[in-house]
Structure formats: C-alpha cells, structure tokens
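Here the structure is laid out as structure tokens; the discussion comes afterwards.
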Amino acid sequence: MNRVLACVDDSARATAVCDYGIWAARLLEVKLQFLHVLDRHPERASLTDYSGALGMDAQESLLEQLSALDEERSRLAQEQGRQILQAAQKRAQEAGAQDTDTLQRHGSLVETLLDLQPEIRLVVIGQQRSAGSASKWYLDQNAERVVRSLQRPVMVVDGEFKDPERFVIAFDGSQTGKKMVQMVAASPLLKGLSCHVIAVGDDNEQQRQNLDWANDTLANEGFDVVSVVRSGEAETVLREYLLEVNAHLLVMGAYGHSRIRHLIMGSTTSTLLRTSPVPVLVLR
C-alpha cells in the first residue's frame, strides 16, 4: 500500500480531487498517482455485416464513415485524458509533490481500482451534488460503487479544497466503529488536527463507556479530543454538528450496526451521505 490514488476526470471537481490527493500523499509520505479511466470504448463499435439488409448495400460507405468516426472519438478521448493527467501532475509538482506519476486505463473504474488495490493506501474520488438540491449530497454511481467495492479507505470530495484543521468521527460503538477509531489513531493523515467524536443516540452508560474508550485510544496517540452524545435522526444531527464546530472532514466506517448504518450505507444503493457539507473519509 504505497500510494494515494486520485481519480481525475474532465469535471470541475477534479481540482479538489487533485488537491486533496496532494494533501494526503504529503502526510502519508507515499507516492501520488493520478488515474484517468476511459469507461467507454467507441473503437469497439459493432462492425456487423448488414449487406443483406434492405437498403444497406447503398450505405456501405456510411458504415465505414461511422466506424472511422468512432475511432477518432476514441483517439480524442485518450488525448483528452492524457492532458487531464498532465495538468494534474503539473499542479501537484508545483505544490511541492515530487513523487508523482499518472496512469490511464480503459474499462470500468471499479474494476481498475480493484486491480490496483494491493498498492493503494487511499483513494480520492470526486462526486457531484444532486441537481436541484443544495442541501442533499448524493453519490453518483461511480463513487458509490467504489466505496462499496474497495477494501481500502476512500475519500469522497466535492467543491474546493480546504486544508483540514478539525474533523469529526461518527462513532457508534460497534466493532467496525472501534476499528475505525484505531485506524485514525494509528495513521499520520489526521495527526495534529482537532478531533471531535460524536455518538448519535441515547446518552446512557454504555454510550459513555464507548466514548471513553474512543477518547483514550485517540488521546494516547496525541489527539486533542472532544466527545459528545446527541439524540435525534443521525443524518440531521451529524450535519448540524459538522456546521456547529466548523468541521472540515467527516470520518465514518463503511458498515455499522445502528442507526448510523443508514447514513453510511443506506437502504437505497444510490445514497451514501444525504447531508454532509464536507468531504467524507470512509474507512473499512
């Protein structure tokens, strides 16, 4: 696991992906690799022989032109991808990241990442906001499939880069949640940042014991920790708390066993986070 992999494309969010990738690779002290995947293959368009079909004999030249057009589109898509990768690498080098390279692949993004997974420390991927809703954040299909499929941390970003100063851990006391806290404590990625741990649910003895464990685990690694218990609907509570403390990052486990689970991996496969105003780091 020797690299941060930043997935860049031709969208506006690619700049944020690039900048968060630079930030993460610097702190983790690993290589930064920019990945661009061409998930369409127009050069593989069907060349079926239609010579026996009604009226197709006269249109053979048109089929040849269409085939040539598909090949040209493929060539232009590859060239566009190379330019995107070159721009990302230049941006990283200008920011002081020297250990960088680029990779262009054809095929599915998820399949490509699964193939590269043994070498990946962290994946940074962008996603677009739901059209017509400023308050809800929906995963597009690529981002959702990446989070569901990979056994590596995934950072989902949108908007402009902000150098994180404080982060919030959504903690439910489950074994998955405890593993997540241990990963945060052991990693250099978030060291030195202000840390908030929030549990959503009833304020009872078990909840407090779980929070005490999280506090001790993080404090032993030098984190300055604030912990709270809040009641209410998980997605509403988390959004309000992120805004309340002016957090720059939300850390969550991929699968939990409480109400928080529906925020992390909801009952509908198209939704990861419904209300997060900040980038999300999803840990396995």
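Labeling convention for the structure tokens: chains A, B, ... as they appear, residues from 1 per chain, ligands from 1 in order of appearance.
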Could you give me the residues within stretch 155-276 of chain A that DSSP places in helix (DSSP H, G or I), as an NGL selection string?
:A and (175-186 or 205-219 or 234-244 or 259-264)
Output file for the residues above (C-alpha atoms, as a PDB file, in the first residue's frame):
ATOM      1  CA  GLN A 175     -16.591  -3.313  16.369  1.00  0.00           C
ATOM      2  CA  THR A 176     -16.412  -1.628  12.976  1.00  0.00           C
ATOM      3  CA  GLY A 177     -16.538   1.746  14.677  1.00  0.00           C
ATOM      4  CA  LYS A 178     -13.768   0.807  17.101  1.00  0.00           C
ATOM      5  CA  LYS A 179     -11.591  -0.437  14.263  1.00  0.00           C
ATOM      6  CA  MET A 180     -12.153   2.900  12.522  1.00  0.00           C
ATOM      7  CA  VAL A 181     -11.013   4.818  15.613  1.00  0.00           C
ATOM      8  CA  GLN A 182      -7.911   2.655  15.857  1.00  0.00           C
ATOM      9  CA  MET A 183      -7.109   3.329  12.198  1.00  0.00           C
ATOM     10  CA  VAL A 184      -7.416   7.076  12.727  1.00  0.00           C
ATOM     11  CA  ALA A 185      -5.232   6.906  15.843  1.00  0.00           C
ATOM     12  CA  ALA A 186      -2.502   4.926  14.084  1.00  0.00           C
ATOM     13  CA  GLU A 205     -23.780   4.364  30.498  1.00  0.00           C
ATOM     14  CA  GLN A 206     -22.876   2.117  27.552  1.00  0.00           C
ATOM     15  CA  GLN A 207     -22.655   5.092  25.230  1.00  0.00           C
ATOM     16  CA  ARG A 208     -20.361   6.903  27.656  1.00  0.00           C
ATOM     17  CA  GLN A 209     -18.153   3.849  28.071  1.00  0.00           C
ATOM     18  CA  ASN A 210     -17.773   3.600  24.300  1.00  0.00           C
ATOM     19  CA  LEU A 211     -16.882   7.287  24.049  1.00  0.00           C
ATOM     20  CA  ASP A 212     -14.381   6.983  26.902  1.00  0.00           C
ATOM     21  CA  TRP A 213     -12.694   4.141  25.037  1.00  0.00           C
ATOM     22  CA  ALA A 214     -12.540   6.246  21.841  1.00  0.00           C
ATOM     23  CA  ASN A 215     -11.189   9.237  23.768  1.00  0.00           C
ATOM     24  CA  ASP A 216      -8.461   7.169  25.429  1.00  0.00           C
ATOM     25  CA  THR A 217      -7.460   5.476  22.164  1.00  0.00           C
ATOM     26  CA  LEU A 218      -7.087   8.787  20.358  1.00  0.00           C
ATOM     27  CA  ALA A 219      -5.589  10.726  23.277  1.00  0.00           C
ATOM     28  CA  ALA A 234     -28.404  10.596  12.588  1.00  0.00           C
ATOM     29  CA  GLU A 235     -28.188  12.474   9.305  1.00  0.00           C
ATOM     30  CA  THR A 236     -29.678  15.667  10.760  1.00  0.00           C
ATOM     31  CA  VAL A 237     -27.608  15.535  13.931  1.00  0.00           C
ATOM     32  CA  LEU A 238     -24.355  14.944  12.064  1.00  0.00           C
ATOM     33  CA  ARG A 239     -24.948  17.719   9.570  1.00  0.00           C
ATOM     34  CA  GLU A 240     -25.796  20.203  12.307  1.00  0.00           C
ATOM     35  CA  TYR A 241     -22.756  19.205  14.365  1.00  0.00           C
ATOM     36  CA  LEU A 242     -20.389  19.500  11.397  1.00  0.00           C
ATOM     37  CA  LEU A 243     -21.619  23.041  10.843  1.00  0.00           C
ATOM     38  CA  GLU A 244     -21.617  23.850  14.572  1.00  0.00           C
ATOM     39  CA  ARG A 259     -28.925   3.981  13.002  1.00  0.00           C
ATOM     40  CA  ILE A 260     -25.618   5.368  11.765  1.00  0.00           C
ATOM     41  CA  ARG A 261     -25.549   2.500   9.257  1.00  0.00           C
ATOM     42  CA  HIS A 262     -28.351   4.072   7.285  1.00  0.00           C
ATOM     43  CA  LEU A 263     -26.285   7.211   6.924  1.00  0.00           C
ATOM     44  CA  ILE A 264     -23.194   5.344   5.822  1.00  0.00           C
TER      45      ILE A 264
END
Compile the contact shell of stretch 113-130 of chain A as an MDAnalysis selection string: residues with an atom at most 6 Å away, counting only C-alpha atoms, same-chain residues fewer than 6 positions apart removed.
chainID A and resid 1:7 13 17 137:138 153:158
Using only C-alpha atoms, tabulate the residues of stretch 90-173 of chain A lying at most 9 Å from any atom of stretch 33-39 of chain A, each with its closest atom pair and that distance in Å to one decimal, by chain and increasing residue number, as JSON lines.
{"residue": "A:Asp99", "atom": "CA", "partner": "A:Gln33", "partner_atom": "CA", "distance": 8.5}
{"residue": "A:Thr100", "atom": "CA", "partner": "A:Gln33", "partner_atom": "CA", "distance": 5.5}
{"residue": "A:Asp101", "atom": "CA", "partner": "A:Gln33", "partner_atom": "CA", "distance": 5.0}
{"residue": "A:Thr102", "atom": "CA", "partner": "A:Phe34", "partner_atom": "CA", "distance": 4.7}
{"residue": "A:Leu103", "atom": "CA", "partner": "A:Leu35", "partner_atom": "CA", "distance": 4.9}
{"residue": "A:Gln104", "atom": "CA", "partner": "A:His36", "partner_atom": "CA", "distance": 4.9}
{"residue": "A:Arg105", "atom": "CA", "partner": "A:Val37", "partner_atom": "CA", "distance": 4.9}
{"residue": "A:His106", "atom": "CA", "partner": "A:Leu38", "partner_atom": "CA", "distance": 4.7}
{"residue": "A:Gly107", "atom": "CA", "partner": "A:Asp39", "partner_atom": "CA", "distance": 4.6}
{"residue": "A:Ser108", "atom": "CA", "partner": "A:Asp39", "partner_atom": "CA", "distance": 5.3}
{"residue": "A:Leu109", "atom": "CA", "partner": "A:Val37", "partner_atom": "CA", "distance": 6.0}
{"residue": "A:Thr112", "atom": "CA", "partner": "A:Val37", "partner_atom": "CA", "distance": 7.9}
Give me, as a VMD selection string, all polymer residues having an atom no more than 9 Å from A:Val229, counting only C-alpha atoms and skipping those fewer than 4 positions away in the same chain.
chain A and resid 197 to 203 207 to 208 211
As a ChimeraX atom specification, which residues of stretch 85-166 of chain A does DSSP assign to strand (DSSP E or B)?
/A:100-106,120-126,154-157,166
Please write the residues from the selection above to a file, keeping N, CA, C and O atoms, as a PDB file, in the first residue's frame.
ATOM      1  N   THR A 100       5.359  11.645  -8.029  1.00  0.00           N
ATOM      2  CA  THR A 100       4.054  11.519  -8.673  1.00  0.00           C
ATOM      3  C   THR A 100       4.186  10.771  -9.988  1.00  0.00           C
ATOM      4  O   THR A 100       5.251  10.774 -10.615  1.00  0.00           O
ATOM      5  N   ASP A 101       3.109  10.146 -10.400  1.00  0.00           N
ATOM      6  CA  ASP A 101       3.030   9.618 -11.756  1.00  0.00           C
ATOM      7  C   ASP A 101       1.576   9.540 -12.181  1.00  0.00           C
ATOM      8  O   ASP A 101       0.667   9.902 -11.419  1.00  0.00           O
ATOM      9  N   THR A 102       1.352   9.110 -13.413  1.00  0.00           N
ATOM     10  CA  THR A 102       0.000   9.079 -13.977  1.00  0.00           C
ATOM     11  C   THR A 102      -0.274   7.717 -14.585  1.00  0.00           C
ATOM     12  O   THR A 102       0.635   6.979 -14.957  1.00  0.00           O
ATOM     13  N   LEU A 103      -1.564   7.413 -14.689  1.00  0.00           N
ATOM     14  CA  LEU A 103      -1.984   6.133 -15.253  1.00  0.00           C
ATOM     15  C   LEU A 103      -3.309   6.318 -15.965  1.00  0.00           C
ATOM     16  O   LEU A 103      -4.253   6.884 -15.406  1.00  0.00           O
ATOM     17  N   GLN A 104      -3.380   5.858 -17.211  1.00  0.00           N
ATOM     18  CA  GLN A 104      -4.634   5.889 -17.962  1.00  0.00           C
ATOM     19  C   GLN A 104      -5.024   4.459 -18.304  1.00  0.00           C
ATOM     20  O   GLN A 104      -4.209   3.677 -18.769  1.00  0.00           O
ATOM     21  N   ARG A 105      -6.285   4.144 -18.038  1.00  0.00           N
ATOM     22  CA  ARG A 105      -6.783   2.796 -18.297  1.00  0.00           C
ATOM     23  C   ARG A 105      -8.106   2.854 -19.042  1.00  0.00           C
ATOM     24  O   ARG A 105      -8.845   3.838 -18.948  1.00  0.00           O
ATOM     25  N   HIS A 106      -8.410   1.799 -19.787  1.00  0.00           N
ATOM     26  CA  HIS A 106      -9.728   1.599 -20.379  1.00  0.00           C
ATOM     27  C   HIS A 106     -10.520   0.632 -19.511  1.00  0.00           C
ATOM     28  O   HIS A 106      -9.951  -0.279 -18.918  1.00  0.00           O
ATOM     29  N   ILE A 120      -2.715   0.354  -3.124  1.00  0.00           N
ATOM     30  CA  ILE A 120      -3.389   1.594  -2.747  1.00  0.00           C
ATOM     31  C   ILE A 120      -3.418   1.776  -1.231  1.00  0.00           C
ATOM     32  O   ILE A 120      -3.811   0.872  -0.493  1.00  0.00           O
ATOM     33  N   ARG A 121      -3.051   2.958  -0.777  1.00  0.00           N
ATOM     34  CA  ARG A 121      -3.201   3.339   0.636  1.00  0.00           C
ATOM     35  C   ARG A 121      -4.515   4.097   0.829  1.00  0.00           C
ATOM     36  O   ARG A 121      -5.194   3.937   1.840  1.00  0.00           O
ATOM     37  N   LEU A 122      -4.854   4.933  -0.136  1.00  0.00           N
ATOM     38  CA  LEU A 122      -6.063   5.751  -0.061  1.00  0.00           C
ATOM     39  C   LEU A 122      -6.510   6.113  -1.464  1.00  0.00           C
ATOM     40  O   LEU A 122      -5.679   6.428  -2.321  1.00  0.00           O
ATOM     41  N   VAL A 123      -7.811   6.068  -1.699  1.00  0.00           N
ATOM     42  CA  VAL A 123      -8.391   6.527  -2.960  1.00  0.00           C
ATOM     43  C   VAL A 123      -9.096   7.853  -2.713  1.00  0.00           C
ATOM     44  O   VAL A 123      -9.850   7.988  -1.748  1.00  0.00           O
ATOM     45  N   VAL A 124      -8.847   8.820  -3.579  1.00  0.00           N
ATOM     46  CA  VAL A 124      -9.563  10.091  -3.535  1.00  0.00           C
ATOM     47  C   VAL A 124     -10.408  10.185  -4.794  1.00  0.00           C
ATOM     48  O   VAL A 124      -9.899  10.037  -5.904  1.00  0.00           O
ATOM     49  N   ILE A 125     -11.706  10.393  -4.593  1.00  0.00           N
ATOM     50  CA  ILE A 125     -12.624  10.432  -5.723  1.00  0.00           C
ATOM     51  C   ILE A 125     -13.603  11.579  -5.535  1.00  0.00           C
ATOM     52  O   ILE A 125     -13.969  11.926  -4.413  1.00  0.00           O
ATOM     53  N   GLY A 126     -14.003  12.192  -6.634  1.00  0.00           N
ATOM     54  CA  GLY A 126     -14.967  13.283  -6.569  1.00  0.00           C
ATOM     55  C   GLY A 126     -16.357  12.804  -6.894  1.00  0.00           C
ATOM     56  O   GLY A 126     -16.552  11.725  -7.462  1.00  0.00           O
ATOM     57  N   VAL A 154     -11.497   5.377   1.393  1.00  0.00           N
ATOM     58  CA  VAL A 154     -11.904   6.200   0.257  1.00  0.00           C
ATOM     59  C   VAL A 154     -12.301   7.580   0.764  1.00  0.00           C
ATOM     60  O   VAL A 154     -13.119   7.688   1.688  1.00  0.00           O
ATOM     61  N   MET A 155     -11.732   8.609   0.172  1.00  0.00           N
ATOM     62  CA  MET A 155     -12.120   9.972   0.499  1.00  0.00           C
ATOM     63  C   MET A 155     -12.961  10.515  -0.652  1.00  0.00           C
ATOM     64  O   MET A 155     -12.517  10.552  -1.798  1.00  0.00           O
ATOM     65  N   VAL A 156     -14.197  10.909  -0.332  1.00  0.00           N
ATOM     66  CA  VAL A 156     -15.127  11.441  -1.339  1.00  0.00           C
ATOM     67  C   VAL A 156     -15.200  12.948  -1.157  1.00  0.00           C
ATOM     68  O   VAL A 156     -15.547  13.431  -0.074  1.00  0.00           O
ATOM     69  N   VAL A 157     -14.861  13.697  -2.213  1.00  0.00           N
ATOM     70  CA  VAL A 157     -14.743  15.147  -2.092  1.00  0.00           C
ATOM     71  C   VAL A 157     -15.588  15.858  -3.134  1.00  0.00           C
ATOM     72  O   VAL A 157     -15.965  15.297  -4.160  1.00  0.00           O
ATOM     73  N   ARG A 166      -9.908  20.550  11.513  1.00  0.00           N
ATOM     74  CA  ARG A 166     -10.631  19.748  12.501  1.00  0.00           C
ATOM     75  C   ARG A 166     -11.516  18.743  11.761  1.00  0.00           C
ATOM     76  O   ARG A 166     -11.983  19.005  10.659  1.00  0.00           O
TER      77      ARG A 166
END
Top pick for closest residue to A:Ala170, considering A:Asn220, A:Ala88, A:Cys195, A:Tyr20 and counting only C-alpha atoms:
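Using only C-alpha atoms, the shortest distance to A:Ala170 belongs to A:Cys195.
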Work out how far atom CA of A:Met252 is from atom CA of A:Val280, in Å to one decimal.
7.3 Å
